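Dropping entry_22.cif in here (mmCIF, C-alpha atoms and all ligand atoms):
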```
data_entry
loop_
_atom_site.label_atom_id
_atom_site.label_comp_id
_atom_site.auth_asym_id
_atom_site.auth_seq_id
_atom_site.Cartn_x
_atom_site.Cartn_y
_atom_site.Cartn_z
CA MET U 1 5.09 -21.78 -111.95
CA ASP U 2 2.50 -23.48 -109.82
CA VAL U 3 4.39 -24.84 -106.79
CA HIS U 4 1.45 -27.03 -105.81
CA SER U 5 1.22 -28.96 -109.04
CA LYS U 6 3.91 -31.56 -108.11
CA GLY U 7 4.30 -32.91 -111.60
CA LYS U 8 0.59 -33.03 -112.40
CA PRO U 9 -0.41 -31.60 -115.78
CA ALA U 10 -0.81 -27.83 -115.74
CA SER U 11 -4.27 -26.95 -114.47
CA THR U 12 -6.52 -24.79 -116.62
CA LYS U 13 -7.61 -23.12 -113.37
CA SER U 14 -4.31 -21.29 -112.93
CA LYS U 15 -4.21 -18.20 -110.72
CA MET U 16 -5.01 -15.05 -112.63
CA ASP U 17 -2.22 -12.66 -113.42
CA LEU U 18 -3.20 -9.25 -112.04
CA SER U 19 0.30 -7.83 -112.28
CA ARG U 20 -0.47 -5.84 -115.42
CA LEU U 21 -3.28 -3.93 -113.75
CA ASN U 22 -2.55 -0.65 -112.02
CA PRO U 23 -3.21 -0.45 -108.24
CA GLU U 24 -6.70 1.06 -108.65
CA GLN U 25 -7.70 -1.54 -111.22
CA ARG U 26 -6.36 -4.33 -109.02
CA ALA U 27 -8.24 -2.99 -105.97
CA ALA U 28 -11.44 -2.98 -108.04
CA VAL U 29 -10.88 -6.55 -109.23
CA LEU U 30 -10.17 -7.77 -105.70
CA HIS U 31 -13.22 -6.03 -104.26
CA THR U 32 -15.60 -8.95 -104.60
CA GLU U 33 -17.98 -8.28 -101.71
CA GLY U 34 -20.65 -5.61 -101.94
CA PRO U 35 -21.15 -2.74 -104.35
CA LEU U 36 -18.34 -0.87 -106.06
CA LEU U 37 -18.50 2.30 -108.12
CA ILE U 38 -15.71 3.22 -110.51
CA LEU U 39 -15.63 6.65 -112.08
CA ALA U 40 -12.97 7.06 -114.73
CA GLY U 41 -12.52 8.74 -118.08
CA ALA U 42 -12.43 7.33 -121.59
CA GLY U 43 -9.49 5.05 -122.32
CA SER U 44 -8.49 4.83 -118.67
CA GLY U 45 -9.00 1.07 -118.41
CA LYS U 46 -12.59 0.58 -117.18
CA THR U 47 -13.38 -2.21 -119.64
CA ASN U 48 -10.09 -3.85 -118.77
CA THR U 49 -11.05 -3.67 -115.09
CA MET U 50 -14.53 -5.11 -115.66
CA THR U 51 -13.09 -7.86 -117.83
CA HIS U 52 -10.61 -8.90 -115.15
CA ARG U 53 -13.18 -8.54 -112.37
CA ILE U 54 -15.64 -10.88 -114.09
CA ALA U 55 -12.88 -13.39 -114.90
CA TYR U 56 -11.63 -13.16 -111.32
CA LEU U 57 -15.10 -13.84 -109.87
CA ILE U 58 -15.41 -16.94 -112.04
CA SER U 59 -11.91 -18.36 -111.82
CA GLU U 60 -10.88 -17.43 -108.29
CA LYS U 61 -14.17 -17.06 -106.42
CA GLY U 62 -15.98 -19.92 -108.12
CA ILE U 63 -18.97 -17.78 -109.05
CA PRO U 64 -21.00 -19.51 -111.79
CA ALA U 65 -20.89 -17.49 -115.01
CA ASN U 66 -24.69 -17.51 -115.24
CA ARG U 67 -24.88 -15.54 -111.98
CA ILE U 68 -22.92 -12.64 -113.49
CA LEU U 69 -24.43 -9.92 -115.64
CA GLY U 70 -22.33 -7.42 -117.58
CA LEU U 71 -24.16 -4.41 -118.98
CA SER U 72 -23.15 -1.54 -121.20
CA PHE U 73 -24.97 1.22 -123.04
CA THR U 74 -23.90 0.86 -126.64
CA ASN U 75 -23.78 -2.26 -128.83
CA LYS U 76 -20.16 -1.46 -129.63
CA ALA U 77 -19.10 -1.31 -125.99
CA ALA U 78 -21.12 -4.41 -125.06
CA THR U 79 -19.64 -6.42 -127.93
CA GLU U 80 -16.14 -5.36 -126.97
CA LEU U 81 -16.75 -6.23 -123.31
CA LYS U 82 -18.27 -9.59 -124.24
CA ASP U 83 -15.36 -10.53 -126.54
CA ARG U 84 -12.72 -9.48 -124.04
CA VAL U 85 -14.44 -11.20 -121.08
CA ARG U 86 -14.99 -14.46 -123.01
CA THR U 87 -11.38 -14.55 -124.16
CA LEU U 88 -10.00 -13.93 -120.68
CA VAL U 89 -12.42 -16.30 -118.89
CA LYS U 90 -11.57 -19.10 -121.32
CA LYS U 91 -7.90 -18.43 -120.82
CA VAL U 92 -7.96 -18.46 -117.01
CA ALA U 93 -10.83 -20.84 -116.27
CA GLY U 94 -11.19 -23.06 -119.31
CA GLU U 95 -13.28 -23.31 -122.46
CA LYS U 96 -16.64 -23.94 -120.75
CA ALA U 97 -16.32 -21.47 -117.87
CA ALA U 98 -17.95 -18.60 -119.75
CA LYS U 99 -21.10 -20.60 -120.50
CA GLY U 100 -24.24 -18.77 -119.41
CA LEU U 101 -22.50 -15.45 -118.89
CA ILE U 102 -24.66 -12.57 -120.06
CA VAL U 103 -22.88 -9.49 -121.32
CA SER U 104 -25.17 -7.20 -123.27
CA THR U 105 -26.70 -3.76 -123.56
CA PHE U 106 -29.49 -2.65 -121.23
CA HIS U 107 -31.83 -2.72 -124.24
CA SER U 108 -31.07 -6.24 -125.36
CA LEU U 109 -31.27 -7.55 -121.80
CA CYS U 110 -34.73 -6.00 -121.43
CA VAL U 111 -35.88 -7.51 -124.74
CA ARG U 112 -34.57 -10.86 -123.60
CA ILE U 113 -36.52 -10.61 -120.34
CA LEU U 114 -39.69 -9.52 -122.18
CA ARG U 115 -39.41 -12.41 -124.67
CA GLU U 116 -38.87 -14.93 -121.93
CA PHE U 117 -41.53 -13.73 -119.50
CA ALA U 118 -44.17 -11.92 -121.60
CA PRO U 119 -46.41 -15.04 -121.72
CA ARG U 120 -46.68 -14.98 -117.92
CA ILE U 121 -48.68 -11.77 -118.14
CA GLY U 122 -50.66 -12.85 -121.16
CA TYR U 123 -48.54 -11.26 -123.90
CA THR U 124 -46.84 -13.02 -126.78
CA SER U 125 -43.09 -13.49 -127.12
CA GLN U 126 -43.38 -12.94 -130.86
CA PHE U 127 -43.34 -9.15 -130.82
CA SER U 128 -41.39 -6.81 -133.08
CA ILE U 129 -39.65 -3.65 -132.06
CA LEU U 130 -40.46 -0.64 -134.21
CA ASP U 131 -38.15 2.30 -134.61
CA PRO U 132 -39.69 5.79 -134.50
CA SER U 133 -40.22 6.03 -138.27
CA ASP U 134 -41.89 2.58 -138.39
CA GLN U 135 -44.09 3.64 -135.46
CA GLU U 136 -45.20 6.78 -137.25
CA ALA U 137 -45.87 4.87 -140.48
CA ILE U 138 -48.13 2.43 -138.62
CA VAL U 139 -50.04 5.21 -136.86
CA ARG U 140 -50.57 6.93 -140.24
CA GLU U 141 -51.82 3.66 -141.68
CA ILE U 142 -54.26 3.21 -138.81
CA LEU U 143 -55.53 6.80 -139.13
CA LYS U 144 -56.08 6.25 -142.83
CA PHE U 145 -57.87 2.96 -142.17
CA ILE U 146 -60.29 4.57 -139.72
CA ASN U 147 -60.70 7.68 -141.90
CA ILE U 148 -59.13 10.19 -139.57
CA ASP U 149 -57.25 13.09 -141.07
CA SER U 150 -53.62 12.90 -139.96
CA LYS U 151 -53.44 16.68 -140.25
CA LYS U 152 -56.00 16.98 -137.45
CA PHE U 153 -54.43 14.32 -135.28
CA ASP U 154 -50.71 14.50 -135.49
CA PRO U 155 -49.23 10.95 -135.53
CA SER U 156 -46.35 12.01 -133.29
CA TRP U 157 -48.85 13.35 -130.73
CA ILE U 158 -50.73 10.03 -130.86
CA LEU U 159 -47.45 8.15 -130.39
CA PHE U 160 -46.64 10.34 -127.42
CA GLN U 161 -50.04 9.56 -125.87
CA ILE U 162 -49.52 5.83 -126.42
CA GLY U 163 -46.10 6.14 -124.84
N1 LIG C 1 -3.18 -1.32 -116.52
C1 LIG C 1 -3.00 -1.20 -117.82
N2 LIG C 1 -1.78 -1.24 -118.36
C2 LIG C 1 -1.61 -1.10 -119.69
N3 LIG C 1 -2.59 -0.91 -120.58
C3 LIG C 1 -3.84 -0.86 -120.11
C4 LIG C 1 -4.13 -1.00 -118.72
N4 LIG C 1 -5.48 -0.90 -118.56
C5 LIG C 1 -6.00 -0.72 -119.79
N5 LIG C 1 -5.02 -0.69 -120.73
C6 LIG C 1 -5.19 -0.49 -122.17
O1 LIG C 1 -5.69 0.82 -122.39
C7 LIG C 1 -6.64 0.82 -123.44
C8 LIG C 1 -7.96 1.37 -122.92
O2 LIG C 1 -8.47 0.46 -121.94
P1 LIG C 1 -10.03 0.18 -121.79
O3 LIG C 1 -10.19 -0.82 -120.71
O4 LIG C 1 -10.63 -0.16 -123.12
O5 LIG C 1 -10.51 1.63 -121.30
P2 LIG C 1 -11.98 2.25 -121.09
O6 LIG C 1 -12.96 1.11 -121.05
O7 LIG C 1 -11.91 2.99 -119.79
O8 LIG C 1 -12.21 3.17 -122.24
C9 LIG C 1 -6.74 -0.61 -123.95
O9 LIG C 1 -5.92 -0.76 -125.06
C10 LIG C 1 -6.22 -1.41 -122.76
O10 LIG C 1 -5.67 -2.64 -123.19
MG MG C 2 -14.60 0.79 -122.27
#
```

Could you quickly redo this structure as structure tokens?
Ligand SMILES: Nc1ncnc2c1ncn2[C@@H]1O[C@H](COP(=O)(O)OP(=O)(O)O)[C@@H](O)[C@H]1O
Ligand SMILES: [Mg+2]
Amino acid sequence: MDVHSKGKPASTKSKMDLSRLNPEQRAAVLHTEGPLLILAGAGSGKTNTMTHRIAYLISEKGIPANRILGLSFTNKAATELKDRVRTLVKKVAGEKAAKGLIVSTFHSLCVRILREFAPRIGYTSQFSILDPSDQEAIVREILKFINIDSKKFDPSWILFQIG
């Protein structure tokens, strides 16, 4: 119970419950100044720690959600992190507190940055991303169009050179 509420309606900004975290997880959540590296195995509670840390920064430290970036490698992990963070942030800091929070994969963040800022260096935002088989198909098409034998110029070599 919040001893400071004195009969006022329960605040949505209630203190976060860190009692279900283990001591290492709690230390990581409470470490809000400067860099922190956590090395831990699969299923050991890293996502849980990140989720609580982000929610803690927003609800207890007053950090605006749009100043926090959560990144993961795979779509699956990023989606899980995003869902868990949003749920917890809404619970401890209210419905709107998660607005502007970016939790994504490295790849989708980079695409987002390219789409937003490409025009500043004279490129369009309306680009498509081609997977390796699409890339090869396009190079083959180009070679055919300019009458170059794709047996003499291997499309994968050309792609490598472009890369
Ligand atoms: N301190 C804890 N106490 C109890 N269960 C926990 C704790 N930390 C994590 N878990 C649970 O363990 C499982 C794995 O946690 P998760 O954060 O997804 O691990 P990781 O990201 O390291 O693979 C989840 O079901 C999570 O709810
Ligand atoms: Mg995880």

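Near segment 78-92 of chain U, within 8 Å and counting only C-alpha atoms, sit U:Thr12, U:Lys13, U:Ser14, U:Lys15, U:Met16, U:Thr47, U:Thr51, U:His52, U:Ile54, U:Ala55, U:Ile58, U:Ser59, U:Leu71, U:Ser72, U:Phe73, U:Thr74, U:Lys96, U:Ala97, U:Ala98, U:Val103, U:Ser104, U:Thr105, not including residues fewer than 4 positions from it in the same chain.
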
Those selected residues, please, written with C-alpha atoms and delivered as an mmCIF file, in the coordinates of the input.
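Here's the written file part-v2.cif:
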```
data_model
loop_
_atom_site.group_PDB
_atom_site.id
_atom_site.type_symbol
_atom_site.label_atom_id
_atom_site.label_comp_id
_atom_site.auth_asym_id
_atom_site.auth_seq_id
_atom_site.Cartn_x
_atom_site.Cartn_y
_atom_site.Cartn_z
ATOM 1 C CA THR U 12 -6.520 -24.790 -116.620
ATOM 2 C CA LYS U 13 -7.610 -23.120 -113.370
ATOM 3 C CA SER U 14 -4.310 -21.290 -112.930
ATOM 4 C CA LYS U 15 -4.210 -18.200 -110.720
ATOM 5 C CA MET U 16 -5.010 -15.050 -112.630
ATOM 6 C CA THR U 47 -13.380 -2.210 -119.640
ATOM 7 C CA THR U 51 -13.090 -7.860 -117.830
ATOM 8 C CA HIS U 52 -10.610 -8.900 -115.150
ATOM 9 C CA ILE U 54 -15.640 -10.880 -114.090
ATOM 10 C CA ALA U 55 -12.880 -13.390 -114.900
ATOM 11 C CA ILE U 58 -15.410 -16.940 -112.040
ATOM 12 C CA SER U 59 -11.910 -18.360 -111.820
ATOM 13 C CA LEU U 71 -24.160 -4.410 -118.980
ATOM 14 C CA SER U 72 -23.150 -1.540 -121.200
ATOM 15 C CA PHE U 73 -24.970 1.220 -123.040
ATOM 16 C CA THR U 74 -23.900 0.860 -126.640
ATOM 17 C CA LYS U 96 -16.640 -23.940 -120.750
ATOM 18 C CA ALA U 97 -16.320 -21.470 -117.870
ATOM 19 C CA ALA U 98 -17.950 -18.600 -119.750
ATOM 20 C CA VAL U 103 -22.880 -9.490 -121.320
ATOM 21 C CA SER U 104 -25.170 -7.200 -123.270
ATOM 22 C CA THR U 105 -26.700 -3.760 -123.560
#
```

For this session: Go through the chains and note each residue within 7 Å of ligand MG 2 (chain C), using all atoms listed in the file, then give the set as a VMD selection string.
Result: chain U and resid 42 to 43 45 to 47 77

Problem set entry | Counting only C-alpha atoms, the option among U:Lys61, U:Asp17, U:Leu109, U:Thr49 closest to Val29 of chain U |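 Under the stated criterion, the closest residue is U:Thr49.
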
Problem set entry | Counting all atoms listed in the file, the residue of U:Lys76, U:His31, U:Arg67, U:His107 that sits nearest ligand LIG 1 (chain C) |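 Closest to ligand LIG 1 (chain C), using all atoms listed in the file: U:Lys76.
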
For this session: Could you check how far atom CA of Ile102 of chain U sits from atom CA of Asn66 of chain U, in Å to one decimal?
Result: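 Atom CA of Asn66 of chain U lies 6.9 Å from atom CA of Ile102 of chain U.
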
Exercise. If we count all atoms listed in the file, what is near Leu36 of chain U at a cut-off of 12 Å, once residues fewer than 4 positions away on the same chain are taken out, given as a list of chain:residue names?
Worked result: U:Gln25, U:Ala27, U:Ala28, U:Val29, U:Leu30, U:His31, U:Thr32, U:Thr49, U:Met50, U:Arg53

Exercise. At what distance in Å, to one decimal, does atom CA of Pro132 of chain U lie from atom CA of Asp149 of chain U?
Worked result: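 It comes out at 20.1 Å.
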
Exercise. So what do you get for atom O10 of ligand LIG 1 (chain C) versus atom CA of Gly70 of chain U, distance-wise?
Worked result: 18.2 Å

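For the residues U:Glu33, U:Arg20, U:Asp154, U:Lys144, ranking by smallest atom-to-atom distance to ligand LIG 1 (chain C) using only C-alpha atoms and all ligand atoms places U:Arg20 first.
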
Exercise. With all atoms listed in the file as the basis for distance, which of U:Ile113, U:Ile138, U:Leu39, U:Leu143 is at the shortest distance from ligand LIG 1 (chain C)?
Worked result: U:Leu39

Write segment 110-130 of chain U as an mmCIF file, keeping the file's coordinate frame, completed to N, CA and C atoms.
```
data_model
loop_
_atom_site.group_PDB
_atom_site.id
_atom_site.type_symbol
_atom_site.label_atom_id
_atom_site.label_comp_id
_atom_site.auth_asym_id
_atom_site.auth_seq_id
_atom_site.Cartn_x
_atom_site.Cartn_y
_atom_site.Cartn_z
ATOM 1 N N CYS U 110 -33.301 -6.216 -121.676
ATOM 2 C CA CYS U 110 -34.730 -6.000 -121.430
ATOM 3 C C CYS U 110 -35.577 -6.763 -122.459
ATOM 4 N N VAL U 111 -35.151 -6.750 -123.715
ATOM 5 C CA VAL U 111 -35.880 -7.510 -124.740
ATOM 6 C C VAL U 111 -35.862 -9.002 -124.407
ATOM 7 N N ARG U 112 -34.716 -9.457 -123.979
ATOM 8 C CA ARG U 112 -34.570 -10.860 -123.600
ATOM 9 C C ARG U 112 -35.521 -11.242 -122.469
ATOM 10 N N ILE U 113 -35.610 -10.360 -121.469
ATOM 11 C CA ILE U 113 -36.520 -10.610 -120.340
ATOM 12 C C ILE U 113 -37.976 -10.587 -120.820
ATOM 13 N N LEU U 114 -38.311 -9.598 -121.675
ATOM 14 C CA LEU U 114 -39.690 -9.520 -122.180
ATOM 15 C C LEU U 114 -40.034 -10.773 -122.979
ATOM 16 N N ARG U 115 -39.113 -11.217 -123.855
ATOM 17 C CA ARG U 115 -39.410 -12.410 -124.670
ATOM 18 C C ARG U 115 -39.590 -13.643 -123.794
ATOM 19 N N GLU U 116 -38.781 -13.741 -122.770
ATOM 20 C CA GLU U 116 -38.870 -14.930 -121.930
ATOM 21 C C GLU U 116 -40.127 -14.919 -121.051
ATOM 22 N N PHE U 117 -40.481 -13.747 -120.526
ATOM 23 C CA PHE U 117 -41.530 -13.730 -119.500
ATOM 24 C C PHE U 117 -42.859 -13.112 -119.927
ATOM 25 N N ALA U 118 -42.915 -12.535 -121.146
ATOM 26 C CA ALA U 118 -44.170 -11.920 -121.600
ATOM 27 C C ALA U 118 -45.378 -12.855 -121.462
ATOM 28 N N PRO U 119 -45.247 -14.148 -121.820
ATOM 29 C CA PRO U 119 -46.410 -15.040 -121.720
ATOM 30 C C PRO U 119 -46.983 -15.131 -120.300
ATOM 31 N N ARG U 120 -46.175 -14.893 -119.300
ATOM 32 C CA ARG U 120 -46.680 -14.980 -117.920
ATOM 33 C C ARG U 120 -47.692 -13.908 -117.589
ATOM 34 N N ILE U 121 -47.659 -12.793 -118.370
ATOM 35 C CA ILE U 121 -48.680 -11.770 -118.140
ATOM 36 C C ILE U 121 -49.602 -11.672 -119.353
ATOM 37 N N GLY U 122 -49.675 -12.770 -120.092
ATOM 38 C CA GLY U 122 -50.660 -12.850 -121.160
ATOM 39 C C GLY U 122 -50.255 -12.188 -122.474
ATOM 40 N N TYR U 123 -48.995 -11.827 -122.628
ATOM 41 C CA TYR U 123 -48.540 -11.260 -123.900
ATOM 42 C C TYR U 123 -47.750 -12.314 -124.667
ATOM 43 N N THR U 124 -47.601 -12.074 -125.969
ATOM 44 C CA THR U 124 -46.840 -13.020 -126.780
ATOM 45 C C THR U 124 -45.347 -12.691 -126.750
ATOM 46 N N SER U 125 -44.531 -13.703 -127.001
ATOM 47 C CA SER U 125 -43.090 -13.490 -127.120
ATOM 48 C C SER U 125 -42.710 -13.074 -128.533
ATOM 49 N N GLN U 126 -43.677 -13.230 -129.450
ATOM 50 C CA GLN U 126 -43.380 -12.940 -130.860
ATOM 51 C C GLN U 126 -43.692 -11.489 -131.231
ATOM 52 N N PHE U 127 -43.104 -10.563 -130.487
ATOM 53 C CA PHE U 127 -43.340 -9.150 -130.820
ATOM 54 C C PHE U 127 -42.179 -8.587 -131.628
ATOM 55 N N SER U 128 -42.466 -7.507 -132.365
ATOM 56 C CA SER U 128 -41.390 -6.810 -133.080
ATOM 57 C C SER U 128 -41.147 -5.476 -132.419
ATOM 58 N N ILE U 129 -39.962 -4.972 -132.588
ATOM 59 C CA ILE U 129 -39.650 -3.650 -132.060
ATOM 60 C C ILE U 129 -39.593 -2.674 -133.234
ATOM 61 N N LEU U 130 -40.379 -1.598 -133.110
ATOM 62 C CA LEU U 130 -40.460 -0.640 -134.210
ATOM 63 C C LEU U 130 -39.648 0.598 -133.881
#
```
